[in-house]
Number of protein chains: 2
Amino acid sequence: MNCYAGIDLGGTFIKCGIVDEKGNILVKDQIPTEKDRPYEEIAANMANLVKALAARANISQNELKAVGIGAPGTIDSKNGVIVYSNNIDWKDVPLGPAISKKLDLPVFITNDANAAALGESFAGAAKKYAGSIFITLGTGVGGGIVIDHTLFEGNRSAGAEIGHMVIRAGGEKCTCGRKGCFEAYASATALIRQTKAAMMKHPESELWKICPNIENVNGKTAFDGLAAGDKTAEKVIKNYIGWLAEGIANLANVFRPNAIVLGGGVCAAGDTLLTPLKRKVNRLLYGGTKYAPVKLMIAQLGNDAGLVGAAHLAQQNLL
Amino acid sequence: MNCYAGIDLGGTFIKCGIVDEKGNILVKDQIPTEKDRPYEEIAANMANLVKALAARANISQNELKAVGIGAPGTIDSKNGVIVYSNNIDWKDVPLGPAISKKLDLPVFITNDANAAALGESFAGAAKKYAGSIFITLGTGVGGGIVIDHTLFEGNRSAGAEIGHMVIRAGGEKCTCGRKGCFEAYASATALIRQTKAAMMKHPESELWKICPNIENVNGKTAFDGLAAGDKTAEKVIKNYIGWLAEGIANLANVFRPNAIVLGGGVCAAGDTLLTPLKRKVNRLLYGGTKYAPVKLMIAQLGNDAGLVGAAHLAQQNLL
């Protein structure tokens, strides 16, 4: 049976799994990244983890065909180079070749959000569809674009920066320098900022009972307030879903994917988020929902999406 | 020599050309659409025009390999059906099969803006690049997306609606029903509206000398005012270029094409438009311009882009 190692490289952990051709994880584990070490050491740890897991799964050297990696930052996929990573503080690191040499296997790298997108496309929420967009709502808004079952990365893999599409020109300042980016309105960070602002404006809100210290507001606070029937929380969520719908509808009108998959902490809200969001997005779709509907769904693979997608990237690239 | 017929079907004229494998137009002509007739008549005229032009170019039946059509509206490319066209008032018209039967040749159809995008990509401004986006600034904002030298159309060809990406949520009302679309800020129609509004606010503006009857304002008026040194016109153009830059940067960050090609009447302004626009777009590119620059250029094929692209679509589909 052909297998592929999938690695999800983060600033804190290196997660790795041995994945079969259907996207099933046979075995997985993680080790700390300890990112301040020389990259050669990290690459050696990654290679050893692959070997150890292959052994643990009883996979022979012959059955393990290739390694895929999802890594944070700007990736030169063609050459396997981490061009720039803020998370790990790397610049022009030839990670692909380094691991390939140690394992004597082909290694393929993409951005971590792209890997997660491919994972959800191949074995997760969007597996029935040829075209899907994965949007992760976390500290920022990241994402990946799958066209015809394959990642679309743009020139030098610099595309798919869906968080940095302006939805309100001149609006909230974004970390990228633009004003009004999707990320500045729809990330968990943005939701937290919006919740805090509403609390400051509404001292009568129940949100103060749910979270007496405003510094502790998180992406769940406003949803908790909504569940408790608080009007201020209701408005925060309504507006947040409105911004989210604008960005999603933009992507839908430009790419017209079959499905859009949402991931990240905010999605823990489930149908409380999804039901009104679907309604709003459907109203904004160009040409309506009848001719070419766009399914909106929540990610299924959770933290495994990245390594499953990375393994599938390796599988696709070998074909 | 293999040749392809390219047809640009509009509400007023049917333009047709016989195009060689390199994108050279051997012969071209146009006839009135007379759109209120039954579609069978129009299809017959289109087929006859192809035959007549092939004869005029001394192309044998054997050399003419296929027909490509760029048509306005929502096109089901796979089945050659005009699903809906506002311009010609058609609904579910099987134009491809109708013409194919008359000529005994394969027929391929796409949206007119897609055809123009493919034309500029294959034989026009973007011919050196694998990935390009064509944006036409006219009554609306249309466009086409070329990835790896091939049209990207989205599910059921319903994608690439780049004019209907919101850049200022809650802003100007768009014909599509959304508020704040790129089209509502960056079309020639929008520029005219912006010019008129500035004139109403500034009775002292030179624009009133250039265009004493405000009803006659067109997409050139503000550029004429700028050339005459008028401050109001300068501000209109500056703001217009600002909106245009936001939409272009959105597409650049999401697709990261090698090139973005601008077409439509507004582009007659040439470098007066292009030079400041490049500066603004470059400032908004995610990750800057060094790693993966995006060339901004003005279309080269003019009114021929559609038929050249349609012919190339036929050529690609036969391969």
# chains A, B, ... in the order shown; residues from 1 in each chain; ligands from 1
call {"tool": "residues_around", "arguments": {"residues": "Ala184 in chain B", "least_positions_apart": "3", "cutoff": "9 Å", "atoms": "only C-alpha atoms", "output": "ChimeraX atom specification"}}
result
/B:140-141,163-164,166,171-175,179-181,187,189-190
call {"tool": "write_last_selection", "arguments": {"atoms": "N, CA and C atoms", "output": "compact mmCIF listing (two decimals), in the first residue's frame"}}
result
# COMPACT_ATOMS: atom_id res chain seq x y z
N GLY B 140 -20.12 48.56 -17.20
CA GLY B 140 -19.87 47.87 -15.93
C GLY B 140 -18.39 47.56 -15.82
N VAL B 141 -18.05 46.69 -14.87
CA VAL B 141 -16.68 46.18 -14.79
C VAL B 141 -16.77 44.67 -15.03
N GLY B 163 -16.43 42.26 -11.23
CA GLY B 163 -17.07 43.54 -10.93
C GLY B 163 -17.96 43.46 -9.70
N HIS B 164 -18.32 42.23 -9.32
CA HIS B 164 -19.25 42.05 -8.21
C HIS B 164 -18.58 41.50 -6.97
N VAL B 166 -17.30 43.17 -3.55
CA VAL B 166 -17.48 44.41 -2.79
C VAL B 166 -16.13 44.96 -2.33
N GLY B 171 -21.57 50.57 0.67
CA GLY B 171 -21.37 51.76 -0.16
C GLY B 171 -22.37 51.90 -1.29
N GLU B 172 -21.89 52.40 -2.43
CA GLU B 172 -22.75 52.67 -3.59
C GLU B 172 -23.55 51.45 -4.01
N LYS B 173 -24.81 51.67 -4.35
CA LYS B 173 -25.65 50.57 -4.79
C LYS B 173 -25.20 50.09 -6.17
N CYS B 174 -25.13 48.78 -6.33
CA CYS B 174 -24.72 48.18 -7.60
C CYS B 174 -25.96 47.63 -8.30
N THR B 175 -25.88 47.48 -9.61
CA THR B 175 -26.99 46.92 -10.38
C THR B 175 -27.31 45.48 -9.95
N LYS B 179 -24.26 46.31 -2.24
CA LYS B 179 -23.81 47.69 -2.05
C LYS B 179 -22.30 47.72 -1.95
N GLY B 180 -21.67 48.52 -2.78
CA GLY B 180 -20.23 48.73 -2.66
C GLY B 180 -19.37 47.89 -3.59
N CYS B 181 -19.97 47.35 -4.66
CA CYS B 181 -19.20 46.53 -5.61
C CYS B 181 -18.13 47.36 -6.31
N SER B 187 -16.34 51.46 -12.77
CA SER B 187 -16.80 51.42 -14.16
C SER B 187 -16.76 52.84 -14.74
N THR B 189 -19.29 54.18 -15.98
CA THR B 189 -20.54 54.71 -15.43
C THR B 189 -20.30 55.36 -14.07
N ALA B 190 -19.50 54.70 -13.25
CA ALA B 190 -19.19 55.23 -11.92
C ALA B 190 -18.37 56.51 -12.03
call {"tool": "interface_residues", "arguments": {"of": "chain B", "to": "chain A", "cutoff": "7 Å", "atoms": "only C-alpha atoms", "output": "ChimeraX atom specification"}}
result
/B:154-156,158-162,164-169,176,178,246,250,253-258,284,286,292
call {"tool": "write_last_selection", "arguments": {"atoms": "C-alpha atoms", "output": "PDB file, in the first residue's frame"}}
result
ATOM      1  CA  GLY B 154     -15.604  28.587 -11.976  1.00  0.00           C
ATOM      2  CA  ASN B 155     -18.436  26.135 -11.445  1.00  0.00           C
ATOM      3  CA  ARG B 156     -20.759  26.108 -14.477  1.00  0.00           C
ATOM      4  CA  ALA B 158     -20.430  31.322 -13.244  1.00  0.00           C
ATOM      5  CA  GLY B 159     -17.180  32.699 -11.792  1.00  0.00           C
ATOM      6  CA  ALA B 160     -14.932  35.593 -12.786  1.00  0.00           C
ATOM      7  CA  GLU B 161     -17.619  38.112 -11.845  1.00  0.00           C
ATOM      8  CA  ILE B 162     -14.874  40.462 -10.747  1.00  0.00           C
ATOM      9  CA  HIS B 164     -19.247  42.051  -8.214  1.00  0.00           C
ATOM     10  CA  MET B 165     -16.655  41.883  -5.501  1.00  0.00           C
ATOM     11  CA  VAL B 166     -17.484  44.411  -2.790  1.00  0.00           C
ATOM     12  CA  ILE B 167     -14.677  46.878  -2.063  1.00  0.00           C
ATOM     13  CA  ARG B 168     -16.724  49.103   0.193  1.00  0.00           C
ATOM     14  CA  ALA B 169     -19.428  47.157   1.998  1.00  0.00           C
ATOM     15  CA  CYS B 176     -26.521  43.417  -8.913  1.00  0.00           C
ATOM     16  CA  ARG B 178     -25.168  44.456  -3.464  1.00  0.00           C
ATOM     17  CA  GLU B 246      -8.371  48.695  -4.328  1.00  0.00           C
ATOM     18  CA  ASN B 250      -7.798  42.534  -4.225  1.00  0.00           C
ATOM     19  CA  ASN B 253      -3.662  39.350  -3.627  1.00  0.00           C
ATOM     20  CA  VAL B 254      -6.094  36.532  -4.254  1.00  0.00           C
ATOM     21  CA  PHE B 255      -4.915  35.334  -7.697  1.00  0.00           C
ATOM     22  CA  ARG B 256      -1.373  36.711  -7.827  1.00  0.00           C
ATOM     23  CA  PRO B 257      -1.350  36.748 -11.606  1.00  0.00           C
ATOM     24  CA  ASN B 258       1.742  37.772 -13.546  1.00  0.00           C
ATOM     25  CA  LEU B 284      -1.388  47.541  -1.730  1.00  0.00           C
ATOM     26  CA  TYR B 286       0.457  41.737  -0.074  1.00  0.00           C
ATOM     27  CA  ALA B 292       6.007  38.181  -6.990  1.00  0.00           C
TER      28      ALA B 292
END
call {"tool": "atom_distance", "arguments": {"atom1": "CA of Val281 in chain A", "atom2": "CA of Thr139 in chain B"}}
result
25.7 Å
call {"tool": "atom_distance", "arguments": {"atom1": "CA of Gln30 in chain B", "atom2": "CA of Phe13 in chain B"}}
result
6.4 Å
call {"tool": "residues_around", "arguments": {"residues": "Ala117 in chain A", "least_positions_apart": "2", "cutoff": "9 Å", "atoms": "only C-alpha atoms", "output": "ChimeraX atom specification"}}
result
/A:112-115,119-122,132-135,143-146,151,261,305-306,309
call {"tool": "residues_around", "arguments": {"residues": "Glu21 in chain B", "least_positions_apart": "4", "cutoff": "12 Å", "atoms": "only C-alpha atoms", "output": "compact mmCIF listing (two decimals) with C-alpha atoms, in the first residue's frame"}}
result
# COMPACT_ATOMS: atom_id res chain seq x y z
CA MET B 1 -2.48 25.71 -42.01
CA ASN B 2 -4.99 25.15 -39.22
CA CYS B 3 -7.40 28.03 -38.69
CA TYR B 4 -10.21 28.85 -36.30
CA ALA B 5 -13.22 31.11 -36.61
CA GLY B 6 -13.64 33.54 -33.72
CA ILE B 25 -6.50 37.61 -37.93
CA LEU B 26 -6.50 36.60 -41.60
CA GLU B 63 -8.14 23.85 -42.66
CA LEU B 64 -10.94 25.42 -40.65
CA LYS B 65 -10.92 23.28 -37.51
CA ALA B 66 -13.42 24.79 -35.12
CA PHE B 122 -2.66 34.60 -26.10
CA ALA B 123 -1.82 37.36 -28.55
CA VAL B 308 -9.03 36.40 -31.21
CA GLY B 309 -9.75 34.91 -27.79
CA ALA B 311 -10.72 31.53 -31.87
CA HIS B 312 -8.01 30.55 -29.39
CA LEU B 313 -10.60 28.94 -27.12
CA ALA B 314 -11.55 26.71 -30.06
CA GLN B 315 -7.89 25.95 -30.72
CA GLN B 316 -7.22 25.02 -27.07
CA LEU B 318 -9.32 20.83 -29.85
CA LEU B 319 -5.88 20.00 -28.44
call {"tool": "select_by_dssp", "arguments": {"residues": "range 4-227 of chain B", "states": "helix (DSSP H, G or I)", "output": "PyMOL selection string"}}
result
chain B and resi 39-56+95-103+112-123+155-157+162-164+182-186+188-201+207-210+214-216+221-227
call {"tool": "atom_distance", "arguments": {"atom1": "CA of Ile14 in chain A", "atom2": "CA of Glu183 in chain A"}}
result
25.8 Å
call {"tool": "select_by_dssp", "arguments": {"residues": "range 137-312 of chain A", "states": "strand (DSSP E or B)", "output": "PDB file with C-alpha atoms, in the first residue's frame"}}
result
ATOM      1  CA  LEU A 137     -11.028  32.361  11.007  1.00  0.00           C
ATOM      2  CA  VAL A 141      -8.035  35.130   8.050  1.00  0.00           C
ATOM      3  CA  GLY A 142      -6.121  32.611   5.998  1.00  0.00           C
ATOM      4  CA  GLY A 143      -7.206  30.288   3.306  1.00  0.00           C
ATOM      5  CA  GLY A 144      -6.530  28.055   0.399  1.00  0.00           C
ATOM      6  CA  ILE A 145      -8.116  27.641  -2.994  1.00  0.00           C
ATOM      7  CA  VAL A 146      -8.728  24.285  -4.637  1.00  0.00           C
ATOM      8  CA  ILE A 147      -9.592  24.239  -8.341  1.00  0.00           C
ATOM      9  CA  THR A 150      -5.723  20.825  -7.086  1.00  0.00           C
ATOM     10  CA  LEU A 151      -4.277  23.730  -5.104  1.00  0.00           C
ATOM     11  CA  PHE A 152      -4.254  27.079  -6.835  1.00  0.00           C
ATOM     12  CA  VAL A 166     -10.410  44.795   1.049  1.00  0.00           C
ATOM     13  CA  ARG A 168     -14.403  48.148   3.152  1.00  0.00           C
ATOM     14  CA  LYS A 173      -6.425  49.091   9.673  1.00  0.00           C
ATOM     15  CA  LYS A 179      -7.293  49.562   5.400  1.00  0.00           C
ATOM     16  CA  CYS A 181      -9.197  44.001   4.693  1.00  0.00           C
ATOM     17  CA  ALA A 259     -18.123  24.749  -1.682  1.00  0.00           C
ATOM     18  CA  ILE A 260     -16.658  27.120   0.874  1.00  0.00           C
ATOM     19  CA  VAL A 261     -15.357  25.478   4.042  1.00  0.00           C
ATOM     20  CA  LEU A 262     -14.926  27.438   7.252  1.00  0.00           C
ATOM     21  CA  GLY A 263     -12.341  26.520   9.862  1.00  0.00           C
ATOM     22  CA  LYS A 295     -22.322  25.194  -0.399  1.00  0.00           C
ATOM     23  CA  LEU A 296     -21.191  26.706   2.866  1.00  0.00           C
ATOM     24  CA  MET A 297     -19.906  24.243   5.444  1.00  0.00           C
ATOM     25  CA  ILE A 298     -17.764  23.832   8.518  1.00  0.00           C
TER      26      ILE A 298
END
call {"tool": "residues_around", "arguments": {"residues": "Asn111 in chain B", "least_positions_apart": "5", "cutoff": "6 Å", "atoms": "only C-alpha atoms", "output": "ChimeraX atom specification"}}
result
/B:70-72,75
call {"tool": "residues_around", "arguments": {"residues": "Asp104 in chain A", "least_positions_apart": "4", "cutoff": "10 Å", "atoms": "only C-alpha atoms", "output": "VMD selection string"}}
result
chain A and resid 47 65 to 66 97 to 100
call {"tool": "closest_residue", "arguments": {"among": "A:Lys280, A:Lys102, A:Lys201, A:Arg37", "to": "Ile241 in chain A", "atoms": "only C-alpha atoms"}}
result
A:Lys280
call {"tool": "closest_residue", "arguments": {"among": "B:Asp92, B:Asp224, B:Glu204, B:Asp29", "to": "Gly17 in chain B", "atoms": "only C-alpha atoms"}}
result
B:Asp29
call {"tool": "closest_residue", "arguments": {"among": "B:Leu118, B:Ala245, B:Ile88, B:Leu49", "to": "Leu103 in chain B", "atoms": "only C-alpha atoms"}}
result
B:Leu49
call {"tool": "decode", "arguments": {"residues": "range 153-290 of chain B", "atoms": "C-alpha atoms", "output": "short mmCIF file (atom, residue, chain, number, x, y, z; two decimals), in the first residue's frame"}}
result
data_model
loop_
_atom_site.label_atom_id
_atom_site.label_comp_id
_atom_site.auth_asym_id
_atom_site.auth_seq_id
_atom_site.Cartn_x
_atom_site.Cartn_y
_atom_site.Cartn_z
CA GLU B 153 -14.51 30.11 -15.27
CA GLY B 154 -15.60 28.59 -11.98
CA ASN B 155 -18.44 26.14 -11.45
CA ARG B 156 -20.76 26.11 -14.48
CA SER B 157 -18.77 29.09 -15.83
CA ALA B 158 -20.43 31.32 -13.24
CA GLY B 159 -17.18 32.70 -11.79
CA ALA B 160 -14.93 35.59 -12.79
CA GLU B 161 -17.62 38.11 -11.85
CA ILE B 162 -14.87 40.46 -10.75
CA GLY B 163 -17.07 43.54 -10.93
CA HIS B 164 -19.25 42.05 -8.21
CA MET B 165 -16.65 41.88 -5.50
CA VAL B 166 -17.48 44.41 -2.79
CA ILE B 167 -14.68 46.88 -2.06
CA ARG B 168 -16.72 49.10 0.19
CA ALA B 169 -19.43 47.16 2.00
CA GLY B 170 -22.50 49.31 2.54
CA GLY B 171 -21.37 51.76 -0.16
CA GLU B 172 -22.75 52.67 -3.59
CA LYS B 173 -25.65 50.57 -4.79
CA CYS B 174 -24.72 48.18 -7.60
CA THR B 175 -26.99 46.92 -10.38
CA CYS B 176 -26.52 43.42 -8.91
CA GLY B 177 -28.26 44.35 -5.69
CA ARG B 178 -25.17 44.46 -3.46
CA LYS B 179 -23.81 47.69 -2.05
CA GLY B 180 -20.23 48.73 -2.66
CA CYS B 181 -19.20 46.53 -5.61
CA PHE B 182 -16.00 47.22 -7.53
CA GLU B 183 -18.22 47.94 -10.55
CA ALA B 184 -20.11 50.64 -8.65
CA TYR B 185 -16.84 52.52 -8.10
CA ALA B 186 -14.60 51.70 -11.04
CA SER B 187 -16.80 51.42 -14.16
CA ALA B 188 -16.98 54.26 -16.68
CA THR B 189 -20.54 54.71 -15.43
CA ALA B 190 -19.19 55.23 -11.92
CA LEU B 191 -16.57 57.72 -13.13
CA ILE B 192 -19.29 59.69 -14.90
CA ARG B 193 -21.40 59.70 -11.74
CA GLN B 194 -18.37 60.80 -9.69
CA THR B 195 -17.57 63.57 -12.20
CA LYS B 196 -21.15 64.87 -12.15
CA ALA B 197 -21.27 64.86 -8.34
CA ALA B 198 -18.00 66.84 -8.16
CA MET B 199 -19.32 69.36 -10.69
CA MET B 200 -22.50 69.89 -8.67
CA LYS B 201 -20.35 70.53 -5.62
CA HIS B 202 -17.93 72.82 -7.44
CA PRO B 203 -19.66 75.39 -9.64
CA GLU B 204 -16.28 77.12 -10.02
CA SER B 205 -14.70 74.06 -11.67
CA GLU B 206 -13.29 74.27 -15.19
CA LEU B 207 -15.25 71.10 -15.85
CA TRP B 208 -18.29 73.31 -16.51
CA LYS B 209 -16.39 74.96 -19.39
CA ILE B 210 -15.34 71.61 -20.81
CA CYS B 211 -18.86 70.26 -20.50
CA PRO B 212 -21.46 73.01 -20.03
CA ASN B 213 -24.35 70.57 -20.11
CA ILE B 214 -23.81 68.15 -17.25
CA GLU B 215 -25.92 65.54 -19.01
CA ASN B 216 -23.13 65.22 -21.58
CA VAL B 217 -20.43 64.23 -19.08
CA ASN B 218 -18.63 61.09 -20.21
CA GLY B 219 -15.68 58.96 -19.11
CA LYS B 220 -13.26 61.42 -20.73
CA THR B 221 -14.57 64.64 -19.13
CA ALA B 222 -12.63 64.41 -15.88
CA PHE B 223 -9.42 63.47 -17.71
CA ASP B 224 -9.90 66.53 -19.94
CA GLY B 225 -10.36 68.66 -16.83
CA LEU B 226 -7.20 67.21 -15.34
CA ALA B 227 -5.27 68.05 -18.50
CA ALA B 228 -6.60 71.61 -18.24
CA GLY B 229 -5.26 71.85 -14.67
CA ASP B 230 -8.64 71.83 -12.90
CA LYS B 231 -8.43 70.94 -9.20
CA THR B 232 -11.88 69.37 -9.03
CA ALA B 233 -11.09 67.10 -11.96
CA GLU B 234 -7.77 66.20 -10.36
CA LYS B 235 -9.57 65.09 -7.24
CA VAL B 236 -12.15 63.09 -9.19
CA ILE B 237 -9.41 61.22 -11.03
CA LYS B 238 -7.38 60.69 -7.87
CA ASN B 239 -10.34 59.16 -6.07
CA TYR B 240 -11.35 57.08 -9.08
CA ILE B 241 -7.83 55.67 -9.37
CA GLY B 242 -7.93 54.96 -5.64
CA TRP B 243 -11.06 52.79 -6.00
CA LEU B 244 -9.69 51.10 -9.07
CA ALA B 245 -6.46 50.31 -7.20
CA GLU B 246 -8.37 48.69 -4.33
CA GLY B 247 -10.20 46.31 -6.64
CA ILE B 248 -7.10 45.50 -8.66
CA ALA B 249 -5.06 44.86 -5.49
CA ASN B 250 -7.80 42.53 -4.23
CA LEU B 251 -7.56 40.46 -7.38
CA ALA B 252 -3.76 40.57 -7.24
CA ASN B 253 -3.66 39.35 -3.63
CA VAL B 254 -6.09 36.53 -4.25
CA PHE B 255 -4.92 35.33 -7.70
CA ARG B 256 -1.37 36.71 -7.83
CA PRO B 257 -1.35 36.75 -11.61
CA ASN B 258 1.74 37.77 -13.55
CA ALA B 259 -0.18 40.53 -15.23
CA ILE B 260 -3.39 42.52 -15.03
CA VAL B 261 -4.62 43.97 -18.32
CA LEU B 262 -7.02 46.90 -18.42
CA GLY B 263 -9.43 47.45 -21.27
CA GLY B 264 -12.51 49.55 -21.97
CA GLY B 265 -13.05 53.18 -22.86
CA VAL B 266 -11.50 54.63 -19.68
CA CYS B 267 -8.10 53.25 -20.79
CA ALA B 268 -7.95 55.82 -23.57
CA ALA B 269 -6.44 57.99 -20.82
CA GLY B 270 -3.25 55.89 -21.18
CA ASP B 271 -0.40 56.77 -18.85
CA THR B 272 -2.41 59.48 -17.11
CA LEU B 273 -4.37 56.57 -15.69
CA LEU B 274 -1.71 53.87 -15.66
CA THR B 275 1.23 55.62 -13.97
CA PRO B 276 -0.49 56.67 -10.73
CA LEU B 277 -2.52 53.45 -10.74
CA LYS B 278 0.61 51.29 -10.79
CA ARG B 279 2.04 53.25 -7.88
CA LYS B 280 -1.12 52.77 -5.81
CA VAL B 281 -1.60 49.10 -6.62
CA ASN B 282 2.03 48.31 -5.83
CA ARG B 283 1.58 49.83 -2.39
CA LEU B 284 -1.39 47.54 -1.73
CA LEU B 285 0.16 44.26 -2.88
CA TYR B 286 0.46 41.74 -0.07
CA GLY B 287 4.12 41.04 0.61
CA GLY B 288 5.17 43.91 -1.65
CA THR B 289 6.36 43.88 -5.23
CA LYS B 290 9.72 42.17 -5.00
#
